[in-house]
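Trainee: Quick one: structure below, then a few questions.
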Amino acid sequence: MCELFGFTSAHEQDLRGYLKEFYSHSIRHPHGWGLATYHNKKLNIITEPVCASKSNIVKNIIRNLPPQNNLIGHIRLATVGTLDTVNCHPFVRTDNSGRKWVLAHNGTIFSGMTLLKYSELQNGNTDSERILMYFIDKINEVTAEQGKPLTAEQRFAVIDNAVAVITKRNKVNLILFDGEQYYVHTNMKDTLFVKQESGAATFATVTYDDTGWDALPLCTPLAYKDGELIYKGHNHNNEYIESINLIGNMEFNL
């Protein structure tokens, strides 16, 4: 599959050490990498369909990246989908209120027709991009009903419900950021962890040291702001257990 790395904090922090370790894992995930940063509240996304450990861009990032307070990183192990920039995470979409959403996903959509219609509309051919397109559609639907941009709590409620729809028999580990609120979710045991410190939360598929990491609660979307947990969603109970899905039919793969 893939690996995720994320960080959100009230204060900027030097993350180059974390990123050096994270991108060294690309030997096992060699099919692309990406990074979303928010220095001075300006979104910047870099993706490249090459092994991160062989990328001069990654080497430059590790040397020169300024401190960040919100960041999303991804390394890709492709099973279906071309090795192309359009298939590298994180993905970005803008909702009808002008808010930009950024998503990185670790997992696979094996079952369900909810995302099928986006296959003819997306830029690439990953199920991960379709997940973000579905989320944006749901945000736009509720925004139209309200007649005004959604509050942070309302946006979280939409994502909470949308995650429940797409997780049945599917692996959906994700990090999502809307420019204000930082969402995380896992539905497979011990595949996404958090290190919570004062005013900062770090997320990783694989822990980088022996202290301070806890497994995220299963099947329960969470939202953070400035490094602190602010919303906890409902438990949708759609835990992904790999051995069950291996004998099923795959519709889409990452």
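A note on labels: chains of the structure tokens are A, B, ... as shown, every chain counts residues from 1, and ligands are counted from 1 in their shown order.
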Neighbours of Gln122 of chain A within 10 Å (only C-alpha atoms; same-chain residues fewer than 5 positions away dropped), as number ranges by chain?
Mentor: A: 86, 117, 127, 129-130, 133
Trainee: Could you write out that same residue set with all heavy atoms as a compact mmCIF listing (two decimals), in the first residue's frame?
Mentor:
# COMPACT_ATOMS: atom_id res chain seq x y z
N VAL A 86 -0.38 12.79 -11.99
CA VAL A 86 -1.80 12.96 -11.64
C VAL A 86 -2.28 11.91 -10.66
O VAL A 86 -3.35 12.05 -10.07
CB VAL A 86 -2.70 12.97 -12.89
CG1 VAL A 86 -2.43 14.18 -13.75
CG2 VAL A 86 -2.54 11.68 -13.70
N LYS A 117 -18.99 7.01 -10.42
CA LYS A 117 -19.25 8.07 -11.39
C LYS A 117 -18.07 9.02 -11.56
O LYS A 117 -17.93 9.67 -12.59
CB LYS A 117 -20.48 8.86 -10.98
CG LYS A 117 -20.34 9.69 -9.71
CD LYS A 117 -21.62 10.47 -9.42
CE LYS A 117 -21.49 11.33 -8.18
NZ LYS A 117 -22.72 12.11 -7.92
N ASP A 127 -8.51 5.46 -6.91
CA ASP A 127 -9.71 5.58 -6.08
C ASP A 127 -9.56 6.70 -5.06
O ASP A 127 -10.54 7.29 -4.62
CB ASP A 127 -10.02 4.26 -5.38
CG ASP A 127 -8.84 3.65 -4.64
OD1 ASP A 127 -7.77 4.27 -4.58
OD2 ASP A 127 -8.99 2.53 -4.11
N GLU A 129 -8.31 9.75 -5.45
CA GLU A 129 -8.81 11.01 -6.01
C GLU A 129 -10.33 11.03 -6.01
O GLU A 129 -10.96 12.07 -5.74
CB GLU A 129 -8.29 11.19 -7.43
CG GLU A 129 -8.67 12.53 -8.06
CD GLU A 129 -8.22 12.67 -9.50
OE1 GLU A 129 -7.70 11.68 -10.08
OE2 GLU A 129 -8.39 13.77 -10.07
N ARG A 130 -10.94 9.88 -6.27
CA ARG A 130 -12.41 9.81 -6.28
C ARG A 130 -12.99 10.06 -4.88
O ARG A 130 -14.08 10.62 -4.75
CB ARG A 130 -12.86 8.45 -6.83
CG ARG A 130 -12.53 8.26 -8.29
CD ARG A 130 -13.20 7.03 -8.87
NE ARG A 130 -12.55 5.79 -8.52
CZ ARG A 130 -11.56 5.23 -9.21
NH1 ARG A 130 -11.06 5.83 -10.28
NH2 ARG A 130 -11.05 4.07 -8.83
N MET A 133 -13.17 13.77 -4.47
CA MET A 133 -14.25 14.31 -5.29
C MET A 133 -15.61 14.07 -4.63
O MET A 133 -16.48 14.95 -4.65
CB MET A 133 -14.20 13.69 -6.69
CG MET A 133 -12.95 14.06 -7.47
SD MET A 133 -12.78 13.17 -9.03
CE MET A 133 -14.02 14.04 -10.02
Trainee: Show me, as JSON, numbers by chain, the residues that have an atom within 10 Å of Leu222 of chain A when counting only C-alpha atoms, minus same-chain residues fewer than 4 positions from it.
Mentor: {"A": [156, 159, 160, 175, 181, 182, 183, 184, 185, 186, 216, 217, 229, 230, 231, 232, 233, 234]}
Trainee: Export, as a PDB file, in the first residue's frame, the selected residues with N, CA, C and O atoms.
Mentor:
ATOM      1  N   PHE A 156     -17.283  19.195   9.480  1.00  0.00           N
ATOM      2  CA  PHE A 156     -16.899  17.925  10.092  1.00  0.00           C
ATOM      3  C   PHE A 156     -18.044  16.920  10.027  1.00  0.00           C
ATOM      4  O   PHE A 156     -17.826  15.735   9.749  1.00  0.00           O
ATOM      5  N   ILE A 159     -18.143  15.324   6.582  1.00  0.00           N
ATOM      6  CA  ILE A 159     -17.063  14.351   6.379  1.00  0.00           C
ATOM      7  C   ILE A 159     -17.298  13.105   7.225  1.00  0.00           C
ATOM      8  O   ILE A 159     -17.074  11.973   6.767  1.00  0.00           O
ATOM      9  N   ASP A 160     -17.747  13.277   8.427  1.00  0.00           N
ATOM     10  CA  ASP A 160     -18.055  12.148   9.309  1.00  0.00           C
ATOM     11  C   ASP A 160     -19.052  11.198   8.635  1.00  0.00           C
ATOM     12  O   ASP A 160     -18.844   9.976   8.594  1.00  0.00           O
ATOM     13  N   ILE A 175      -5.733  11.353   5.593  1.00  0.00           N
ATOM     14  CA  ILE A 175      -5.496  12.658   6.195  1.00  0.00           C
ATOM     15  C   ILE A 175      -6.088  13.689   5.239  1.00  0.00           C
ATOM     16  O   ILE A 175      -5.841  13.646   4.030  1.00  0.00           O
ATOM     17  N   GLN A 181      -9.140  23.072   9.328  1.00  0.00           N
ATOM     18  CA  GLN A 181      -9.420  21.900  10.132  1.00  0.00           C
ATOM     19  C   GLN A 181      -8.711  20.682   9.525  1.00  0.00           C
ATOM     20  O   GLN A 181      -8.725  20.487   8.315  1.00  0.00           O
ATOM     21  N   TYR A 182      -8.141  19.870  10.390  1.00  0.00           N
ATOM     22  CA  TYR A 182      -7.287  18.761   9.977  1.00  0.00           C
ATOM     23  C   TYR A 182      -7.972  17.458  10.389  1.00  0.00           C
ATOM     24  O   TYR A 182      -8.148  17.181  11.568  1.00  0.00           O
ATOM     25  N   TYR A 183      -8.373  16.652   9.403  1.00  0.00           N
ATOM     26  CA  TYR A 183      -9.155  15.441   9.642  1.00  0.00           C
ATOM     27  C   TYR A 183      -8.273  14.204   9.469  1.00  0.00           C
ATOM     28  O   TYR A 183      -7.456  14.137   8.544  1.00  0.00           O
ATOM     29  N   VAL A 184      -8.462  13.205  10.335  1.00  0.00           N
ATOM     30  CA  VAL A 184      -7.759  11.937  10.189  1.00  0.00           C
ATOM     31  C   VAL A 184      -8.744  10.792  10.432  1.00  0.00           C
ATOM     32  O   VAL A 184      -9.735  10.947  11.159  1.00  0.00           O
ATOM     33  N   HIS A 185      -8.443   9.649   9.803  1.00  0.00           N
ATOM     34  CA  HIS A 185      -9.316   8.481   9.967  1.00  0.00           C
ATOM     35  C   HIS A 185      -8.547   7.216   9.637  1.00  0.00           C
ATOM     36  O   HIS A 185      -7.726   7.191   8.716  1.00  0.00           O
ATOM     37  N   THR A 186      -8.811   6.161  10.383  1.00  0.00           N
ATOM     38  CA  THR A 186      -8.317   4.825  10.063  1.00  0.00           C
ATOM     39  C   THR A 186      -9.402   3.804  10.362  1.00  0.00           C
ATOM     40  O   THR A 186     -10.170   3.967  11.317  1.00  0.00           O
ATOM     41  N   LEU A 216      -4.598   5.467  16.531  1.00  0.00           N
ATOM     42  CA  LEU A 216      -5.834   6.243  16.442  1.00  0.00           C
ATOM     43  C   LEU A 216      -7.034   5.336  16.684  1.00  0.00           C
ATOM     44  O   LEU A 216      -7.002   4.147  16.328  1.00  0.00           O
ATOM     45  N   PRO A 217      -8.111   5.864  17.241  1.00  0.00           N
ATOM     46  CA  PRO A 217      -9.310   5.048  17.428  1.00  0.00           C
ATOM     47  C   PRO A 217      -9.856   4.572  16.085  1.00  0.00           C
ATOM     48  O   PRO A 217      -9.905   5.326  15.117  1.00  0.00           O
ATOM     49  N   LEU A 229      -7.287  18.148  19.378  1.00  0.00           N
ATOM     50  CA  LEU A 229      -8.505  17.462  18.949  1.00  0.00           C
ATOM     51  C   LEU A 229      -9.718  18.304  19.299  1.00  0.00           C
ATOM     52  O   LEU A 229      -9.898  18.704  20.452  1.00  0.00           O
ATOM     53  N   ILE A 230     -10.557  18.586  18.280  1.00  0.00           N
ATOM     54  CA  ILE A 230     -11.741  19.409  18.539  1.00  0.00           C
ATOM     55  C   ILE A 230     -13.055  18.673  18.278  1.00  0.00           C
ATOM     56  O   ILE A 230     -14.063  18.987  18.907  1.00  0.00           O
ATOM     57  N   TYR A 231     -13.077  17.704  17.368  1.00  0.00           N
ATOM     58  CA  TYR A 231     -14.298  16.950  17.083  1.00  0.00           C
ATOM     59  C   TYR A 231     -13.973  15.469  16.956  1.00  0.00           C
ATOM     60  O   TYR A 231     -12.942  15.087  16.378  1.00  0.00           O
ATOM     61  N   LYS A 232     -14.855  14.649  17.481  1.00  0.00           N
ATOM     62  CA  LYS A 232     -14.759  13.197  17.349  1.00  0.00           C
ATOM     63  C   LYS A 232     -16.063  12.692  16.765  1.00  0.00           C
ATOM     64  O   LYS A 232     -17.136  12.957  17.299  1.00  0.00           O
ATOM     65  N   GLY A 233     -15.986  11.980  15.637  1.00  0.00           N
ATOM     66  CA  GLY A 233     -17.175  11.518  14.952  1.00  0.00           C
ATOM     67  C   GLY A 233     -17.739  10.242  15.557  1.00  0.00           C
ATOM     68  O   GLY A 233     -17.267   9.744  16.581  1.00  0.00           O
ATOM     69  N   HIS A 234     -18.751   9.697  14.886  1.00  0.00           N
ATOM     70  CA  HIS A 234     -19.364   8.464  15.368  1.00  0.00           C
ATOM     71  C   HIS A 234     -18.591   7.257  14.847  1.00  0.00           C
ATOM     72  O   HIS A 234     -17.939   7.322  13.807  1.00  0.00           O
TER      73      HIS A 234
END
Trainee: Might you pull out every residue within 12 Å of Thr205 of chain A, with only C-alpha atoms counted and same-chain residues fewer than 2 positions away left off, and present them as a PyMOL selection string?
Mentor: chain A and resi 1-6+22+25+73-75+104-107+173-175+184-186+188-195+202-203+207-208+213-216
Trainee: Write out, as a PDB file, in the first residue's frame, the residues just selected, with C-alpha atoms.
Mentor:
ATOM      1  CA  MET A   1       0.000   0.000   0.000  1.00  0.00           C
ATOM      2  CA  CYS A   2       1.240   3.498   0.845  1.00  0.00           C
ATOM      3  CA  GLU A   3       2.410   5.499   3.838  1.00  0.00           C
ATOM      4  CA  LEU A   4       1.068   8.719   5.314  1.00  0.00           C
ATOM      5  CA  PHE A   5       2.713  11.420   7.391  1.00  0.00           C
ATOM      6  CA  GLY A   6       0.938  14.428   8.849  1.00  0.00           C
ATOM      7  CA  PHE A  22       9.536   9.196   6.227  1.00  0.00           C
ATOM      8  CA  HIS A  25      10.707   4.372   3.527  1.00  0.00           C
ATOM      9  CA  GLY A  73       3.152  13.767   3.187  1.00  0.00           C
ATOM     10  CA  HIS A  74       2.620  10.606   1.134  1.00  0.00           C
ATOM     11  CA  ILE A  75       4.688   7.852  -0.468  1.00  0.00           C
ATOM     12  CA  ALA A 104      -3.822  11.793   1.111  1.00  0.00           C
ATOM     13  CA  HIS A 105      -5.106   8.219   1.328  1.00  0.00           C
ATOM     14  CA  ASN A 106      -3.673   4.858   2.282  1.00  0.00           C
ATOM     15  CA  GLY A 107      -5.928   1.989   1.292  1.00  0.00           C
ATOM     16  CA  ASN A 173      -6.902   5.555   6.104  1.00  0.00           C
ATOM     17  CA  LEU A 174      -6.760   9.232   5.293  1.00  0.00           C
ATOM     18  CA  ILE A 175      -5.496  12.658   6.195  1.00  0.00           C
ATOM     19  CA  VAL A 184      -7.759  11.937  10.189  1.00  0.00           C
ATOM     20  CA  HIS A 185      -9.316   8.481   9.967  1.00  0.00           C
ATOM     21  CA  THR A 186      -8.317   4.825  10.063  1.00  0.00           C
ATOM     22  CA  MET A 188      -7.605  -0.929   9.958  1.00  0.00           C
ATOM     23  CA  LYS A 189      -5.972  -1.817  13.268  1.00  0.00           C
ATOM     24  CA  ASP A 190      -2.498  -0.408  13.918  1.00  0.00           C
ATOM     25  CA  THR A 191      -2.074   1.323  10.554  1.00  0.00           C
ATOM     26  CA  LEU A 192      -2.264   4.973  11.637  1.00  0.00           C
ATOM     27  CA  PHE A 193      -0.772   6.470  14.793  1.00  0.00           C
ATOM     28  CA  VAL A 194      -0.713   9.822  16.551  1.00  0.00           C
ATOM     29  CA  LYS A 195       1.832  11.482  18.811  1.00  0.00           C
ATOM     30  CA  THR A 202       1.935  14.193  14.485  1.00  0.00           C
ATOM     31  CA  PHE A 203       0.469  11.336  12.456  1.00  0.00           C
ATOM     32  CA  THR A 207       6.007   5.151  14.141  1.00  0.00           C
ATOM     33  CA  TYR A 208       9.520   6.599  14.078  1.00  0.00           C
ATOM     34  CA  TRP A 213       2.732   7.161  19.860  1.00  0.00           C
ATOM     35  CA  ASP A 214      -0.819   5.860  20.186  1.00  0.00           C
ATOM     36  CA  ALA A 215      -2.991   4.062  17.672  1.00  0.00           C
ATOM     37  CA  LEU A 216      -5.834   6.243  16.442  1.00  0.00           C
TER      38      LEU A 216
END
Trainee: Just the number, please: distance in Å from atom CA of Ile131 of chain A to atom CA of Gln154 of chain A, one decimal.
Mentor: 18.8 Å
Trainee: Residues of segment 145-216 of chain A that have any atom at most 8 Å from an atom of segment 91-101 of chain A: could you tabulate them with the shortest-distance atom pair and the distance in Å to one decimal, using only C-alpha atoms, ordered by chain and increasing number, as JSON lines?
Mentor:
{"residue": "A:Pro149", "atom": "CA", "partner": "A:Ser97", "partner_atom": "CA", "distance": 6.0}
{"residue": "A:Leu176", "atom": "CA", "partner": "A:Trp101", "partner_atom": "CA", "distance": 7.0}
{"residue": "A:Phe177", "atom": "CA", "partner": "A:Trp101", "partner_atom": "CA", "distance": 5.7}
{"residue": "A:Asp178", "atom": "CA", "partner": "A:Trp101", "partner_atom": "CA", "distance": 4.4}
{"residue": "A:Gly179", "atom": "CA", "partner": "A:Lys100", "partner_atom": "CA", "distance": 6.6}
Trainee: Limited to C-alpha atoms, could you put the picked residues into a file as a tab-separated table (two decimals), in the first residue's frame?
Mentor:
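File written: part16.tsv
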chain	number	residue	atom	x	y	z
A	149	PRO	CA	-20.57	28.47	3.65
A	176	LEU	CA	-7.59	15.60	4.99
A	177	PHE	CA	-7.10	19.34	5.49
A	178	ASP	CA	-9.50	22.15	4.57
A	179	GLY	CA	-7.18	25.07	5.36
Trainee: So how many Å separate atom CA of Asn64 of chain A and atom CA of Leu77 of chain A, to one decimal?
Mentor: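 If I compute the distance from atom CA of Asn64 of chain A to atom CA of Leu77 of chain A, I get 26.2 Å.
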Trainee: Just want the 10 Å neighbourhood of Gly34 of chain A, counted on only C-alpha atoms, with same-chain residues fewer than 6 positions away dropped. Output as a ChimeraX atom specification.
Mentor: /A:4,23,45-50,52,58,72-76,85,88-91,104
Trainee: Name the residues of segment 132-186 of chain A that fall into helix (DSSP H, G or I) according to DSSP on the backbone, using the chain letters and numbers of this document, as a count of residues only.
Mentor: 30
Trainee: Return as a PyMOL selection string the full set of residues in segment 83-254 of chain A whose backbone-based DSSP assignment is strand (DSSP E).
Mentor: chain A and resi 91-94+100-108+171-177+182-185+193-197+200-204+213-215+222-225+228-232
Trainee: Write a file of the just-selected residues containing C-alpha atoms, as a short mmCIF file (atom, residue, chain, number, x, y, z; two decimals), in the first residue's frame.
Mentor:
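Dumped everything to part_19.cif:
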data_model
loop_
_atom_site.label_atom_id
_atom_site.label_comp_id
_atom_site.auth_asym_id
_atom_site.auth_seq_id
_atom_site.Cartn_x
_atom_site.Cartn_y
_atom_site.Cartn_z
CA PHE A 91 -4.83 15.58 -4.15
CA VAL A 92 -6.41 19.03 -4.03
CA ARG A 93 -9.93 20.22 -4.90
CA THR A 94 -11.79 23.48 -4.28
CA LYS A 100 -9.33 24.23 -0.87
CA TRP A 101 -9.28 20.65 0.42
CA VAL A 102 -6.20 18.43 0.38
CA LEU A 103 -6.30 14.65 0.83
CA ALA A 104 -3.82 11.79 1.11
CA HIS A 105 -5.11 8.22 1.33
CA ASN A 106 -3.67 4.86 2.28
CA GLY A 107 -5.93 1.99 1.29
CA THR A 108 -8.16 0.57 -1.39
CA LYS A 171 -9.64 0.28 3.65
CA VAL A 172 -9.78 4.03 4.18
CA ASN A 173 -6.90 5.56 6.10
CA LEU A 174 -6.76 9.23 5.29
CA ILE A 175 -5.50 12.66 6.20
CA LEU A 176 -7.59 15.60 4.99
CA PHE A 177 -7.10 19.34 5.49
CA TYR A 182 -7.29 18.76 9.98
CA TYR A 183 -9.15 15.44 9.64
CA VAL A 184 -7.76 11.94 10.19
CA HIS A 185 -9.32 8.48 9.97
CA PHE A 193 -0.77 6.47 14.79
CA VAL A 194 -0.71 9.82 16.55
CA LYS A 195 1.83 11.48 18.81
CA GLN A 196 0.02 14.16 20.82
CA GLU A 197 2.17 16.82 22.41
CA ALA A 200 0.94 19.66 18.27
CA ALA A 201 -0.21 16.37 16.76
CA THR A 202 1.94 14.19 14.49
CA PHE A 203 0.47 11.34 12.46
CA ALA A 204 2.23 8.43 10.79
CA TRP A 213 2.73 7.16 19.86
CA ASP A 214 -0.82 5.86 20.19
CA ALA A 215 -2.99 4.06 17.67
CA LEU A 222 -11.36 12.97 14.10
CA ALA A 223 -10.77 16.66 13.50
CA TYR A 224 -7.90 18.73 14.86
CA LYS A 225 -7.19 22.42 14.84
CA GLU A 228 -5.64 19.92 19.39
CA LEU A 229 -8.50 17.46 18.95
CA ILE A 230 -11.74 19.41 18.54
CA TYR A 231 -14.30 16.95 17.08
CA LYS A 232 -14.76 13.20 17.35
#
Trainee: Tell me which of A:Asn123, A:Asn56, A:Thr114, A:Asn40 sits closest to Phe135 of chain A, counting only C-alpha atoms.
Mentor: A:Thr114
Trainee: Quick one: distance from atom CA of Thr143 of chain A to atom CA of Val158 of chain A in Å, one decimal?
Mentor: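 According to the coordinates, atom CA of Thr143 of chain A and atom CA of Val158 of chain A are separated by 10.1 Å.
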Trainee: Pick the closest to Ile166 of chain A from A:Ile57, A:Ile27, A:Leu116, A:Leu218: which is it, counting only C-alpha atoms?
Mentor: A:Leu116
